[in-house]
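Quick look at start-v6.txt (compact mmCIF, C-alpha atoms):
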# COMPACT_ATOMS: atom_id res chain seq x y z
CA MET A 1 14.13 -8.33 -17.04
CA SER A 2 15.42 -5.24 -15.22
CA HIS A 3 14.00 -1.79 -14.61
CA LEU A 4 17.21 -0.45 -13.00
CA ARG A 5 17.78 3.20 -13.75
CA THR A 6 20.89 5.31 -13.29
CA LEU A 7 20.40 7.22 -10.05
CA ALA A 8 22.23 10.48 -10.69
CA SER A 9 22.63 12.00 -7.25
CA PRO A 10 25.79 12.89 -5.37
CA GLU A 11 24.19 11.70 -2.15
CA GLY A 12 23.30 8.24 -3.42
CA GLY A 13 21.26 5.81 -1.35
CA LEU A 14 17.51 6.07 -1.01
CA ARG A 15 17.59 9.87 -1.35
CA ALA A 16 18.77 9.37 -4.91
CA SER A 17 16.00 6.83 -5.49
CA LEU A 18 13.34 9.25 -4.30
CA SER A 19 14.70 11.99 -6.52
CA ARG A 20 13.68 9.82 -9.48
CA MET A 21 10.11 9.26 -8.29
CA PRO A 22 7.07 10.81 -10.00
CA GLU A 23 5.98 13.87 -8.03
CA ASP A 24 2.55 12.31 -7.51
CA ALA A 25 4.16 9.56 -5.43
CA ARG A 26 4.44 11.85 -2.37
CA LEU A 27 7.20 9.69 -0.92
CA ARG A 28 9.91 11.23 1.25
CA LEU A 29 12.70 10.35 3.70
CA ASP A 30 11.77 12.37 6.77
CA VAL A 31 8.91 13.58 8.92
CA PRO A 32 8.62 17.39 8.77
CA ALA A 33 8.77 18.78 12.30
CA ASP A 34 6.54 21.74 11.41
CA GLU A 35 3.79 19.83 9.62
CA PRO A 36 0.98 18.40 11.77
CA GLY A 37 -0.76 15.18 10.83
CA TRP A 38 2.27 12.89 10.55
CA VAL A 39 2.03 9.50 12.26
CA ARG A 40 4.86 7.04 12.82
CA CYS A 41 3.69 3.48 12.20
CA GLY A 42 5.58 2.13 15.22
CA ASP A 43 3.93 4.68 17.52
CA LEU A 44 0.48 3.93 16.11
CA LEU A 45 0.81 0.18 16.58
CA GLY A 46 2.21 0.74 20.05
CA GLU A 47 -0.96 2.63 21.08
CA PRO A 48 -3.99 0.76 19.66
CA ASP A 49 -6.36 3.44 20.99
CA ARG A 50 -4.96 5.75 18.32
CA LEU A 51 -6.17 3.31 15.65
CA VAL A 52 -9.61 3.40 17.23
CA ARG A 53 -9.61 7.21 17.21
CA TRP A 54 -8.54 7.23 13.56
CA ARG A 55 -11.42 4.90 12.71
CA GLU A 56 -13.85 7.10 14.66
CA ARG A 57 -12.60 10.16 12.81
CA LEU A 58 -13.17 8.35 9.52
CA ALA A 59 -16.70 7.36 10.61
CA ARG A 60 -17.47 11.03 11.35
CA TRP A 61 -16.09 12.04 7.95
CA LEU A 62 -18.26 9.42 6.25
CA ALA A 63 -21.31 10.65 8.18
CA GLU A 64 -20.62 14.20 6.96
CA THR A 65 -20.05 12.96 3.40
CA TYR A 66 -23.26 10.88 3.39
CA PRO A 67 -25.70 12.96 5.49
CA GLU A 68 -28.61 10.95 4.09
CA ALA A 69 -27.32 7.82 5.84
CA ALA A 70 -29.22 6.93 9.01
CA ARG A 71 -25.95 5.50 10.33
CA ILE A 72 -22.55 4.51 8.99
CA PRO A 73 -22.18 0.71 9.07
CA GLU A 74 -19.34 -0.27 11.39
CA ARG A 75 -17.73 -2.53 8.77
CA THR A 76 -17.09 0.30 6.31
CA PRO A 77 -14.72 2.53 8.33
CA ALA A 78 -13.20 -0.56 9.96
CA LYS A 79 -12.26 -1.98 6.56
CA TRP A 80 -11.14 1.34 5.06
CA ILE A 81 -8.62 1.76 7.90
CA VAL A 82 -7.20 -1.69 7.09
CA SER A 83 -6.77 -0.84 3.41
CA TRP A 84 -5.41 2.64 4.07
CA TYR A 85 -2.90 1.51 6.67
CA LEU A 86 -1.58 -1.47 4.71
CA HIS A 87 -1.18 0.76 1.66
CA VAL A 88 1.70 2.50 3.48
CA PRO A 89 4.24 -0.37 3.66
CA ALA A 90 2.99 -1.82 0.37
CA PHE A 91 3.38 1.46 -1.52
CA ALA A 92 6.79 2.31 -0.07
CA GLY A 93 8.14 -1.10 -1.04
CA ALA A 94 6.48 -1.17 -4.47
CA MET A 95 7.67 2.28 -5.51
CA LEU A 96 11.30 1.67 -4.60
CA LEU A 97 11.27 -1.74 -6.26
CA HIS A 98 9.76 -0.38 -9.46
CA HIS A 99 11.76 2.82 -9.78
CA GLY A 100 15.12 1.70 -8.42
CA ARG A 101 15.20 -2.07 -7.89
CA ARG A 102 15.68 -1.40 -4.19
CA VAL A 103 13.77 -2.61 -1.11
CA PRO A 104 13.92 -0.46 2.03
CA SER A 105 13.11 -1.51 5.57
CA LEU A 106 9.33 -1.80 5.87
CA ALA A 107 9.32 -2.28 9.64
CA PRO A 108 6.82 -0.13 11.59
CA SER A 109 9.75 1.81 13.08
CA ALA A 110 10.98 2.67 9.57
CA LEU A 111 7.77 4.16 8.13
CA ALA A 112 5.48 7.12 8.77
CA PHE A 113 2.55 8.68 6.94
CA HIS A 114 0.59 11.91 6.87
CA ILE A 115 -3.18 11.86 7.44
CA GLY A 116 -5.03 14.39 5.29
CA ALA A 117 -6.72 17.29 7.05
CA ASP A 118 -9.98 16.89 5.12
CA ARG A 119 -10.33 13.27 4.04
CA PRO A 120 -8.49 11.37 6.81
CA HIS A 121 -6.42 9.07 4.58
CA PRO A 122 -2.63 8.65 4.14
CA ASP A 123 -1.69 11.24 1.51
CA SER A 124 2.11 11.08 1.95
CA VAL A 125 4.53 8.36 3.09
CA ALA A 126 7.96 8.69 4.70
CA VAL A 127 10.67 6.03 4.59
CA LEU A 128 12.83 6.59 7.67
CA GLY A 129 16.44 5.49 7.28
CA ASP A 130 18.68 4.89 4.30
CA GLY A 131 19.27 1.14 4.31
CA PHE A 132 18.12 -0.98 1.37
CA HIS A 133 18.54 -4.29 -0.44
CA CYS A 134 19.61 -4.03 -4.06
CA LEU A 135 21.07 -5.90 -7.04
CA PRO A 136 24.80 -6.31 -7.82
CA THR A 137 24.41 -3.88 -10.76
CA ASP A 138 23.06 -1.10 -8.53
CA PRO A 139 25.32 1.99 -8.83
CA ASP A 140 25.16 2.33 -5.03
CA SER A 141 25.82 -1.32 -4.22
CA ALA A 142 28.86 -0.18 -2.18
CA HIS A 143 26.73 2.27 -0.16
CA PRO A 144 27.05 1.67 3.62
CA GLY A 145 23.33 0.99 3.84
CA ALA A 146 23.20 -1.43 0.90
CA VAL A 147 22.74 -5.20 1.17
CA VAL A 148 23.34 -6.85 -2.20
CA VAL A 149 21.20 -9.83 -3.27
CA PRO A 150 21.95 -11.98 -6.34
CA ASP A 151 18.85 -11.46 -8.48
CA GLU A 152 15.38 -9.95 -8.85
CA ARG A 153 13.60 -13.02 -7.51
CA THR A 154 15.52 -12.71 -4.25
CA LEU A 155 14.75 -8.98 -4.13
CA ALA A 156 11.05 -9.77 -4.59
CA THR A 157 11.26 -12.29 -1.74
CA VAL A 158 12.75 -9.64 0.53
CA LEU A 159 9.96 -7.18 -0.30
CA ARG A 160 7.23 -9.76 0.22
CA GLY A 161 8.70 -10.93 3.51
CA ARG A 162 9.09 -7.42 4.87
CA PHE A 163 5.56 -6.47 3.89
CA VAL A 164 4.11 -9.64 5.43
CA ALA A 165 6.01 -9.01 8.67
CA HIS A 166 4.59 -5.46 8.93
CA ALA A 167 1.09 -6.61 7.95
CA SER A 168 1.23 -9.37 10.57
CA ARG A 169 2.09 -6.87 13.28
CA PHE A 170 -0.77 -4.60 12.19
CA ILE A 171 -3.29 -7.45 12.02
CA ASP A 172 -2.28 -8.69 15.49
CA VAL A 173 -2.93 -5.20 16.88
CA TYR A 174 -5.96 -4.13 14.85
CA GLY A 175 -7.74 -7.47 14.49
CA PRO A 176 -9.05 -7.59 18.09
CA LEU A 177 -10.41 -4.04 17.64
CA THR A 178 -12.79 -5.05 14.82
CA ARG A 179 -15.28 -7.75 13.87
CA LEU A 180 -13.34 -8.46 10.68
CA GLY A 181 -11.98 -11.99 10.51
CA ARG A 182 -8.31 -12.79 9.97
CA ARG A 183 -9.02 -14.15 6.51
CA GLN A 184 -10.60 -10.81 5.59
CA LEU A 185 -7.62 -8.96 7.02
CA TRP A 186 -5.07 -11.02 5.10
CA ALA A 187 -7.17 -10.73 1.94
CA ALA A 188 -6.96 -6.95 2.38
CA ALA A 189 -3.18 -7.23 2.83
CA THR A 190 -2.96 -9.19 -0.42
CA ASP A 191 -5.02 -6.52 -2.20
CA ALA A 192 -2.79 -3.77 -0.78
CA LEU A 193 0.42 -5.35 -2.07
CA ASP A 194 -0.92 -6.33 -5.49
CA ASN A 195 -2.51 -2.89 -5.97
CA ALA A 196 0.61 -1.05 -4.84
CA LEU A 197 2.84 -2.86 -7.33
CA TRP A 198 0.36 -2.08 -10.10
CA SER A 199 0.05 1.56 -8.96
CA ALA A 200 3.83 2.00 -8.96
CA GLY A 201 3.79 1.16 -12.65
CA ARG A 202 0.78 3.31 -13.48
CA LEU A 203 2.41 6.32 -11.83
CA GLY A 204 5.08 6.09 -14.51
CA GLY A 205 2.46 7.50 -16.86
CA THR A 206 2.94 5.20 -19.85
CA PRO A 207 1.46 1.85 -20.94
CA GLU A 208 4.99 0.41 -20.81
CA SER A 209 5.44 1.52 -17.21
CA GLU A 210 2.06 0.08 -16.25
CA CYS A 211 3.01 -3.25 -17.83
CA ALA A 212 6.28 -3.17 -15.88
CA GLY A 213 4.26 -2.71 -12.69
CA VAL A 214 2.11 -5.69 -13.62
CA ALA A 215 5.30 -7.68 -14.18
CA ASP A 216 6.53 -6.64 -10.73
CA ALA A 217 3.26 -7.88 -9.22
CA ALA A 218 3.69 -11.21 -11.02
CA LEU A 219 7.26 -11.41 -9.69
CA VAL A 220 6.42 -10.62 -6.07
CA LEU A 221 3.13 -12.55 -6.03
CA GLU A 222 3.92 -15.30 -8.52
CA ALA A 223 2.06 -17.80 -6.33
CA ARG A 224 0.05 -17.80 -3.15
CA PHE A 225 2.38 -17.23 -0.23
CA PRO A 226 0.36 -17.80 2.99
CA PRO A 227 -0.80 -15.95 5.00
CA LEU A 228 -1.40 -13.87 1.83
CA THR A 229 -4.52 -15.26 0.18
CA SER A 230 -3.70 -15.37 -3.54
CA PRO A 231 -1.12 -14.76 -6.25
CA SER A 232 -1.37 -11.53 -8.24
CA LYS A 233 -4.88 -11.13 -9.69
CA LEU A 234 -3.92 -8.71 -12.48
CA THR A 235 -5.34 -9.71 -15.84
CA GLN A 236 -6.27 -8.03 -19.11
CA ALA A 237 -9.90 -7.50 -20.05
CA MET A 238 -11.86 -5.59 -22.67
CA GLY A 239 -12.65 -2.05 -21.52
CA ALA A 240 -15.75 0.00 -22.32
CA ASP A 241 -13.92 1.62 -25.25
CA GLY A 242 -13.17 -1.75 -26.83
CA ARG A 243 -9.51 -1.70 -25.85
CA ARG A 244 -7.83 -4.24 -23.65
CA GLU A 245 -6.86 -2.89 -20.25
CA TRP A 246 -5.44 -4.19 -17.01
CA MET A 247 -7.81 -4.97 -14.15
CA ARG A 248 -7.82 -7.12 -11.05
CA ASN A 249 -10.37 -9.01 -9.00
CA ARG A 250 -10.21 -8.00 -5.36
CA GLU A 251 -9.66 -10.53 -2.60
CA SER A 252 -11.56 -8.44 -0.04
CA CYS A 253 -14.64 -6.22 0.05
CA CYS A 254 -14.31 -2.55 1.08
CA TYR A 255 -18.01 -2.36 2.11
CA ASN A 256 -18.49 0.74 -0.01
CA TYR A 257 -21.81 -0.67 -1.19
CA LEU A 258 -23.23 -0.18 2.33
CA LEU A 259 -23.11 3.60 1.83
CA PRO A 260 -26.06 5.46 0.25
CA ALA A 261 -26.18 5.38 -3.56
CA GLU A 262 -22.98 3.30 -3.76
CA SER A 263 -22.60 -0.11 -5.34
CA GLU A 264 -20.04 -2.89 -5.34
CA CYS A 265 -16.67 -1.99 -6.88
CA VAL A 266 -15.48 -3.53 -10.13
CA GLY A 267 -13.82 -6.81 -9.20
CA CYS A 268 -15.54 -7.03 -5.81
CA PRO A 269 -15.67 -10.64 -4.53
CA ARG A 270 -19.39 -10.13 -3.72
CA VAL A 271 -20.37 -9.91 -7.39
CA ARG A 272 -18.04 -12.44 -9.02

Written as structure tokens, that's how I'd like the structure from this file.
Amino acid sequence: MSHLRTLASPEGGLRASLSRMPEDARLRLDVPADEPGWVRCGDLLGEPDRLVRWRERLARWLAETYPEAARIPERTPAKWIVSWYLHVPAFAGAMLLHHGRRVPSLAPSALAFHIGADRPHPDSVAVLGDGFHCLPTDPDSAHPGAVVVPDERTLATVLRGRFVAHASRFIDVYGPLTRLGRRQLWAAATDALDNALWSAGRLGGTPESECAGVADAALVLEARFPPLTSPSKLTQAMGADGRREWMRNRESCCYNYLLPAESECVGCPRVR
């Protein structure tokens, strides 16, 4: 199975890959100097107080969004920051795997994201640098930044390893700043990677593309690879309209249900 596409760009490399992305992906190769709100992952992890300030900003936003709440439970913004942050390396890796069969560096120094001005979540991601792992059939396999691997299974191993390395660094920094346990944090990392691979397919806009994203998730998370907490949880189930649709059971709880008038998400481990 291969989803390799011809990357028609005179520049080649990752710039060509990004030119083939759906516009909704909001994935780029640089940090705009004139656009406030961009955060480099390496800088953020190097200054843990900035993670605390981000969480406090989120707590204020939640308080404004739910004015009827007497207080915002600490667990909710703490867990949302985990999911939002880990989405960044997971999404960058998943999109480039799905749309180009390439895996970029996912190190904190190689990624940045933009925090929205209203809702303080990552709404754009930047991959910094042009190096990537790819297959022998890649049209840019001779690119100076390319490292060729023999097959898709090896490419999936590279993606998983790079994501786990970034997640491990984040958990080591953020874990002591919260009351969330390490099992919860790694469960959230597993959710982030599985969801990102699925989302990369859904952004293609067709059932075939979504199925290809599910196949990518099965390739990258074909088994449990500790410290990740499970293989891919994507399965088909009957939807409300009587049609079969893809869904997944979450490994971690987002604590949304602690907010006024909210309930547990579909697939939440609390209700299974």

Atom pair CA of Val147 (chain A) / CA of Phe132 (chain A): separation (Å): 6.3 Å

Atom pair CA of Val148 (chain A) / CA of Cys134 (chain A): separation (Å): 5.0 Å

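The smallest atom-to-atom distance between Leu155 (chain A) and any of A:Glu74, A:Asp191, A:Asp43, A:Asp216, using all atoms listed in the file, is found for A:Asp216.
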
Polymer residues at most 12 Å from Val31 (chain A), all atoms listed in the file, same-chain spacing of 5 or more positions, as a ChimeraX atom specification: /A:36-41,110-114,124-129

Take the residues from that selection and put them in a file with C-alpha atoms, as an mmCIF file, keeping the file's coordinate frame.
data_model
loop_
_atom_site.group_PDB
_atom_site.id
_atom_site.type_symbol
_atom_site.label_atom_id
_atom_site.label_comp_id
_atom_site.auth_asym_id
_atom_site.auth_seq_id
_atom_site.Cartn_x
_atom_site.Cartn_y
_atom_site.Cartn_z
ATOM 1 C CA PRO A 36 0.980 18.400 11.770
ATOM 2 C CA GLY A 37 -0.760 15.180 10.830
ATOM 3 C CA TRP A 38 2.270 12.890 10.550
ATOM 4 C CA VAL A 39 2.030 9.500 12.260
ATOM 5 C CA ARG A 40 4.860 7.040 12.820
ATOM 6 C CA CYS A 41 3.690 3.480 12.200
ATOM 7 C CA ALA A 110 10.980 2.670 9.570
ATOM 8 C CA LEU A 111 7.770 4.160 8.130
ATOM 9 C CA ALA A 112 5.480 7.120 8.770
ATOM 10 C CA PHE A 113 2.550 8.680 6.940
ATOM 11 C CA HIS A 114 0.590 11.910 6.870
ATOM 12 C CA SER A 124 2.110 11.080 1.950
ATOM 13 C CA VAL A 125 4.530 8.360 3.090
ATOM 14 C CA ALA A 126 7.960 8.690 4.700
ATOM 15 C CA VAL A 127 10.670 6.030 4.590
ATOM 16 C CA LEU A 128 12.830 6.590 7.670
ATOM 17 C CA GLY A 129 16.440 5.490 7.280
#

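The interatomic distance for the pair CA of Glu251 (chain A) and CA of Asp49 (chain A) works out to 27.6 Å.
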
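With distances restricted to only C-alpha atoms, A:Leu45 is the closest residue to Ser168 (chain A) from A:Leu45, A:Leu219, A:Ala156, A:Leu203.
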
Among the residues A:Thr235, A:Arg270, A:Gly161, A:Glu35, the one that comes closest to Asn256 (chain A) [using all atoms listed in the file]: A:Arg270

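Minimum atom-to-atom distances from A:Ala196, A:Pro176, A:Ala188, A:Ala16 to Cys268 (chain A) were compared using only C-alpha atoms, and the lowest value belongs to A:Ala188.
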
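When all atoms listed in the file are used to measure the gap to Leu14 (chain A), the shortest distance among A:Asp130, A:Glu64, A:Asp140, A:Glu47 belongs to A:Asp130.
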
Long-range neighbours of region 89-102 of chain A as JSON, numbers by chain, 9 Å cut-off, only C-alpha atoms, 3 positions minimum in chain: {"A": [2, 3, 4, 5, 6, 7, 14, 17, 18, 20, 21, 25, 27, 85, 86, 105, 106, 107, 108, 111, 125, 126, 127, 132, 133, 134, 135, 138, 152, 155, 156, 159, 160, 162, 163, 166, 167, 189, 192, 193, 194, 195, 196, 197, 198, 199, 200, 201, 204, 212, 213, 216, 217]}

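Candidate residues A:Gly267, A:Pro260, A:Pro227, A:Pro32 were compared for distance to Arg248 (chain A), and the nearest is A:Gly267, using all atoms listed in the file.
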
Taking the structure in the block just given, could you write region 137-148 of chain A with all heavy atoms, as an mmCIF file, in the first residue's frame?
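Result written to out-v8.cif:
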data_model
loop_
_atom_site.group_PDB
_atom_site.id
_atom_site.type_symbol
_atom_site.label_atom_id
_atom_site.label_comp_id
_atom_site.auth_asym_id
_atom_site.auth_seq_id
_atom_site.Cartn_x
_atom_site.Cartn_y
_atom_site.Cartn_z
ATOM 1 N N THR A 137 11.129 5.395 -3.591
ATOM 2 C CA THR A 137 10.378 5.871 -4.763
ATOM 3 C C THR A 137 10.052 7.350 -4.705
ATOM 4 O O THR A 137 9.435 7.883 -5.639
ATOM 5 C CB THR A 137 9.067 5.073 -4.888
ATOM 6 O OG1 THR A 137 8.386 5.084 -3.619
ATOM 7 C CG2 THR A 137 9.337 3.639 -5.308
ATOM 8 N N ASP A 138 10.430 8.029 -3.620
ATOM 9 C CA ASP A 138 10.143 9.455 -3.489
ATOM 10 C C ASP A 138 10.863 10.226 -4.600
ATOM 11 O O ASP A 138 12.056 10.011 -4.835
ATOM 12 C CB ASP A 138 10.629 9.947 -2.123
ATOM 13 C CG ASP A 138 10.115 11.334 -1.779
ATOM 14 O OD1 ASP A 138 10.457 12.287 -2.513
ATOM 15 O OD2 ASP A 138 9.386 11.469 -0.786
ATOM 16 N N PRO A 139 10.170 11.138 -5.296
ATOM 17 C CA PRO A 139 10.821 11.890 -6.374
ATOM 18 C C PRO A 139 11.953 12.786 -5.891
ATOM 19 O O PRO A 139 12.787 13.209 -6.685
ATOM 20 C CB PRO A 139 9.679 12.714 -6.976
ATOM 21 C CG PRO A 139 8.638 12.769 -5.904
ATOM 22 C CD PRO A 139 8.739 11.476 -5.178
ATOM 23 N N ASP A 140 11.991 13.075 -4.579
ATOM 24 C CA ASP A 140 13.067 13.890 -4.022
ATOM 25 C C ASP A 140 14.004 13.057 -3.139
ATOM 26 O O ASP A 140 14.622 13.583 -2.214
ATOM 27 C CB ASP A 140 12.484 15.041 -3.206
ATOM 28 C CG ASP A 140 12.003 16.182 -4.081
ATOM 29 O OD1 ASP A 140 12.428 16.249 -5.243
ATOM 30 O OD2 ASP A 140 11.182 16.981 -3.606
ATOM 31 N N SER A 141 14.120 11.774 -3.437
ATOM 32 C CA SER A 141 14.974 10.921 -2.600
ATOM 33 C C SER A 141 16.448 11.333 -2.661
ATOM 34 O O SER A 141 17.215 10.986 -1.765
ATOM 35 C CB SER A 141 14.831 9.454 -3.017
ATOM 36 O OG SER A 141 15.187 9.284 -4.374
ATOM 37 N N ALA A 142 16.828 12.086 -3.712
ATOM 38 C CA ALA A 142 18.204 12.582 -3.824
ATOM 39 C C ALA A 142 18.368 13.976 -3.227
ATOM 40 O O ALA A 142 19.458 14.554 -3.293
ATOM 41 C CB ALA A 142 18.632 12.600 -5.289
ATOM 42 N N HIS A 143 17.296 14.523 -2.648
ATOM 43 C CA HIS A 143 17.353 15.849 -2.026
ATOM 44 C C HIS A 143 18.386 15.837 -0.900
ATOM 45 O O HIS A 143 18.523 14.847 -0.173
ATOM 46 C CB HIS A 143 15.968 16.197 -1.476
ATOM 47 C CG HIS A 143 15.836 17.588 -0.968
ATOM 48 N ND1 HIS A 143 16.246 17.955 0.288
ATOM 49 C CD2 HIS A 143 15.333 18.709 -1.547
ATOM 50 C CE1 HIS A 143 15.999 19.251 0.479
ATOM 51 N NE2 HIS A 143 15.441 19.728 -0.629
ATOM 52 N N PRO A 144 19.142 16.933 -0.723
ATOM 53 C CA PRO A 144 20.161 16.953 0.342
ATOM 54 C C PRO A 144 19.618 16.671 1.734
ATOM 55 O O PRO A 144 20.346 16.161 2.590
ATOM 56 C CB PRO A 144 20.714 18.383 0.257
ATOM 57 C CG PRO A 144 20.436 18.833 -1.134
ATOM 58 C CD PRO A 144 19.148 18.163 -1.527
ATOM 59 N N GLY A 145 18.351 16.992 1.958
ATOM 60 C CA GLY A 145 17.781 16.759 3.282
ATOM 61 C C GLY A 145 17.108 15.417 3.445
ATOM 62 O O GLY A 145 16.558 15.129 4.511
ATOM 63 N N ALA A 146 17.129 14.577 2.408
ATOM 64 C CA ALA A 146 16.394 13.313 2.440
ATOM 65 C C ALA A 146 17.229 12.186 3.034
ATOM 66 O O ALA A 146 18.424 12.059 2.745
ATOM 67 C CB ALA A 146 15.940 12.933 1.039
ATOM 68 N N VAL A 147 16.591 11.360 3.854
ATOM 69 C CA VAL A 147 17.165 10.105 4.332
ATOM 70 C C VAL A 147 16.219 9.005 3.877
ATOM 71 O O VAL A 147 15.048 8.983 4.266
ATOM 72 C CB VAL A 147 17.300 10.090 5.870
ATOM 73 C CG1 VAL A 147 17.810 8.736 6.337
ATOM 74 C CG2 VAL A 147 18.215 11.214 6.342
ATOM 75 N N VAL A 148 16.698 8.116 3.044
ATOM 76 C CA VAL A 148 15.847 7.089 2.440
ATOM 77 C C VAL A 148 15.779 5.865 3.338
ATOM 78 O O VAL A 148 16.806 5.380 3.826
ATOM 79 C CB VAL A 148 16.365 6.707 1.043
ATOM 80 C CG1 VAL A 148 15.504 5.608 0.429
ATOM 81 C CG2 VAL A 148 16.387 7.937 0.132
#
